[in-house]
Amino acid sequence: MDKYRLCVIATLFAIVLLGILSIRLIIELAVPAFLVYTAYVLIAVFFLLIPLSAKGSRIGFIANIVLAIMVMVVNTSIRDHMAVLLSQGYTNASLVLLIGAYVLQPILIVTSFLALRATKRR
C-alpha cells in the first residue's frame, strides 16, 4: 500500500471518529432530527469509503474528493453552522466543526487527489 492511500485511509478514519464524537454535540445543540439522521448517513458513507480507498479504487478517490467538497460547501452555506463557528458560547461545537469541515476535508481532498494521480501512473 502506498503512502498516499495510507494517508487517505487515516484521514477518513479521523473523519469517522470525529463524526461519531460530534453526534453528541449535535444532539445537545437541539438540531432538528433530520440533520442528526443526515449526520449518521454521512458518517456511514465516509466509513464505507475506507475499504474502497484501501483497495485503491479510482471511484473511491473521486467520491472522497466530491464528498469532501460538498461537506465544505454545505457547512459554509448553512447559517447555523456559521453562527456556531463565530459565537463564543459553543467552544466545543465550533472546534469540532472547524476541524471536521475546514481541516480534515481539505486534507482528504489533497490526499485523495495525490492517490488518484499515483494510481493513474501505474
# chains A, B, ... in the order shown; residues from 1 in each chain; ligands from 1
call {"tool": "residues_around", "arguments": {"residues": "Ser112 in chain A", "least_positions_apart": "2", "cutoff": "12 Å", "atoms": "only C-alpha atoms", "output": "PDB file with C-alpha atoms, in the first residue's frame"}}
result
ATOM      1  CA  LYS A   3       1.795   6.306   1.306  1.00  0.00           C
ATOM      2  CA  TYR A   4      -0.985   8.295  -0.352  1.00  0.00           C
ATOM      3  CA  ARG A   5      -3.579   5.584   0.157  1.00  0.00           C
ATOM      4  CA  LEU A   6      -2.464   5.242   3.761  1.00  0.00           C
ATOM      5  CA  CYS A   7      -2.927   8.998   4.270  1.00  0.00           C
ATOM      6  CA  VAL A   8      -6.396   8.839   2.705  1.00  0.00           C
ATOM      7  CA  ILE A   9      -7.377   5.954   4.974  1.00  0.00           C
ATOM      8  CA  ALA A  10      -6.045   7.740   8.067  1.00  0.00           C
ATOM      9  CA  THR A  11      -7.932  10.913   7.145  1.00  0.00           C
ATOM     10  CA  LEU A  12     -11.163   9.013   6.523  1.00  0.00           C
ATOM     11  CA  LEU A  49     -15.193   4.763   1.609  1.00  0.00           C
ATOM     12  CA  ILE A  50     -12.373   3.376   3.775  1.00  0.00           C
ATOM     13  CA  LEU A  52     -12.688   1.425  -1.351  1.00  0.00           C
ATOM     14  CA  SER A  53      -9.722   3.702  -0.707  1.00  0.00           C
ATOM     15  CA  ALA A  54      -7.684   0.875   0.811  1.00  0.00           C
ATOM     16  CA  GLY A  56      -7.050   1.750  -4.457  1.00  0.00           C
ATOM     17  CA  SER A  57     -10.316   2.219  -6.306  1.00  0.00           C
ATOM     18  CA  ARG A  58     -10.384   5.292  -8.537  1.00  0.00           C
ATOM     19  CA  ILE A  59     -14.111   5.625  -7.871  1.00  0.00           C
ATOM     20  CA  GLY A  60     -13.393   5.733  -4.142  1.00  0.00           C
ATOM     21  CA  PHE A  61     -10.846   8.517  -4.520  1.00  0.00           C
ATOM     22  CA  ILE A  62     -13.148  10.535  -6.763  1.00  0.00           C
ATOM     23  CA  ALA A  63     -16.004  10.018  -4.296  1.00  0.00           C
ATOM     24  CA  ASN A  64     -13.729  11.238  -1.487  1.00  0.00           C
ATOM     25  CA  ILE A  65     -12.971  14.435  -3.378  1.00  0.00           C
ATOM     26  CA  VAL A  66     -16.580  15.132  -4.352  1.00  0.00           C
ATOM     27  CA  LEU A  67     -17.927  14.365  -0.884  1.00  0.00           C
ATOM     28  CA  ALA A  68     -15.290  16.494   0.852  1.00  0.00           C
ATOM     29  CA  ILE A  69     -16.067  19.463  -1.401  1.00  0.00           C
ATOM     30  CA  LEU A 104      -9.859  17.273   7.619  1.00  0.00           C
ATOM     31  CA  GLN A 105     -11.857  17.806   4.418  1.00  0.00           C
ATOM     32  CA  PRO A 106      -9.102  19.741   2.587  1.00  0.00           C
ATOM     33  CA  ILE A 107      -6.606  17.103   3.741  1.00  0.00           C
ATOM     34  CA  LEU A 108      -8.922  14.441   2.292  1.00  0.00           C
ATOM     35  CA  ILE A 109      -9.161  16.333  -0.995  1.00  0.00           C
ATOM     36  CA  VAL A 110      -5.395  16.689  -1.361  1.00  0.00           C
ATOM     37  CA  LEU A 114      -2.438  12.543  -4.888  1.00  0.00           C
ATOM     38  CA  ALA A 115      -3.547   8.920  -4.501  1.00  0.00           C
ATOM     39  CA  LEU A 116      -5.645   9.208  -7.643  1.00  0.00           C
ATOM     40  CA  ARG A 117      -2.689  10.612  -9.540  1.00  0.00           C
ATOM     41  CA  ALA A 118      -0.430   7.846  -8.201  1.00  0.00           C
ATOM     42  CA  THR A 119      -2.836   5.123  -9.325  1.00  0.00           C
TER      43      THR A 119
END
call {"tool": "closest_atom_pairs", "arguments": {"of": "range 4-56 of chain A", "to": "range 71-89 of chain A", "cutoff": "12 Å", "atoms": "only C-alpha atoms", "output": "JSON lines"}}
result
{"residue": "A:Ile15", "atom": "CA", "partner": "A:Val71", "partner_atom": "CA", "distance": 11.4}
{"residue": "A:Leu25", "atom": "CA", "partner": "A:Val84", "partner_atom": "CA", "distance": 11.4}
{"residue": "A:Ile26", "atom": "CA", "partner": "A:His81", "partner_atom": "CA", "distance": 10.8}
{"residue": "A:Leu29", "atom": "CA", "partner": "A:Val84", "partner_atom": "CA", "distance": 9.6}
{"residue": "A:Ala30", "atom": "CA", "partner": "A:Asp80", "partner_atom": "CA", "distance": 11.5}
{"residue": "A:Val31", "atom": "CA", "partner": "A:Asp80", "partner_atom": "CA", "distance": 9.5}
{"residue": "A:Pro32", "atom": "CA", "partner": "A:Asp80", "partner_atom": "CA", "distance": 11.5}
{"residue": "A:Leu35", "atom": "CA", "partner": "A:Ile78", "partner_atom": "CA", "distance": 11.5}
{"residue": "A:Thr38", "atom": "CA", "partner": "A:Val71", "partner_atom": "CA", "distance": 11.7}
{"residue": "A:Ala39", "atom": "CA", "partner": "A:Val71", "partner_atom": "CA", "distance": 10.8}
{"residue": "A:Leu42", "atom": "CA", "partner": "A:Val71", "partner_atom": "CA", "distance": 9.3}
{"residue": "A:Ile43", "atom": "CA", "partner": "A:Val71", "partner_atom": "CA", "distance": 11.5}
{"residue": "A:Phe46", "atom": "CA", "partner": "A:Val71", "partner_atom": "CA", "distance": 11.2}
call {"tool": "atom_distance", "arguments": {"atom1": "CA of Ser94 in chain A", "atom2": "CA of Leu17 in chain A"}}
result
16.4 Å
call {"tool": "closest_residue", "arguments": {"among": "A:Val16, A:Val45, A:Met70, A:Leu21", "to": "Tyr102 in chain A", "atoms": "only C-alpha atoms"}}
result
A:Met70
call {"tool": "atom_distance", "arguments": {"atom1": "CA of Lys55 in chain A", "atom2": "CA of Lys120 in chain A"}}
result
14.1 Å
call {"tool": "closest_residue", "arguments": {"among": "A:Thr111, A:Leu98, A:Asp2, A:Phe47", "to": "Ser22 in chain A", "atoms": "only C-alpha atoms"}}
result
A:Leu98
call {"tool": "atom_distance", "arguments": {"atom1": "CA of Val41 in chain A", "atom2": "CA of Asn92 in chain A"}}
result
22.2 Å
call {"tool": "closest_residue", "arguments": {"among": "A:Tyr40, A:Phe34, A:Val103, A:Pro51", "to": "Ile20 in chain A", "atoms": "only C-alpha atoms"}}
result
A:Tyr40
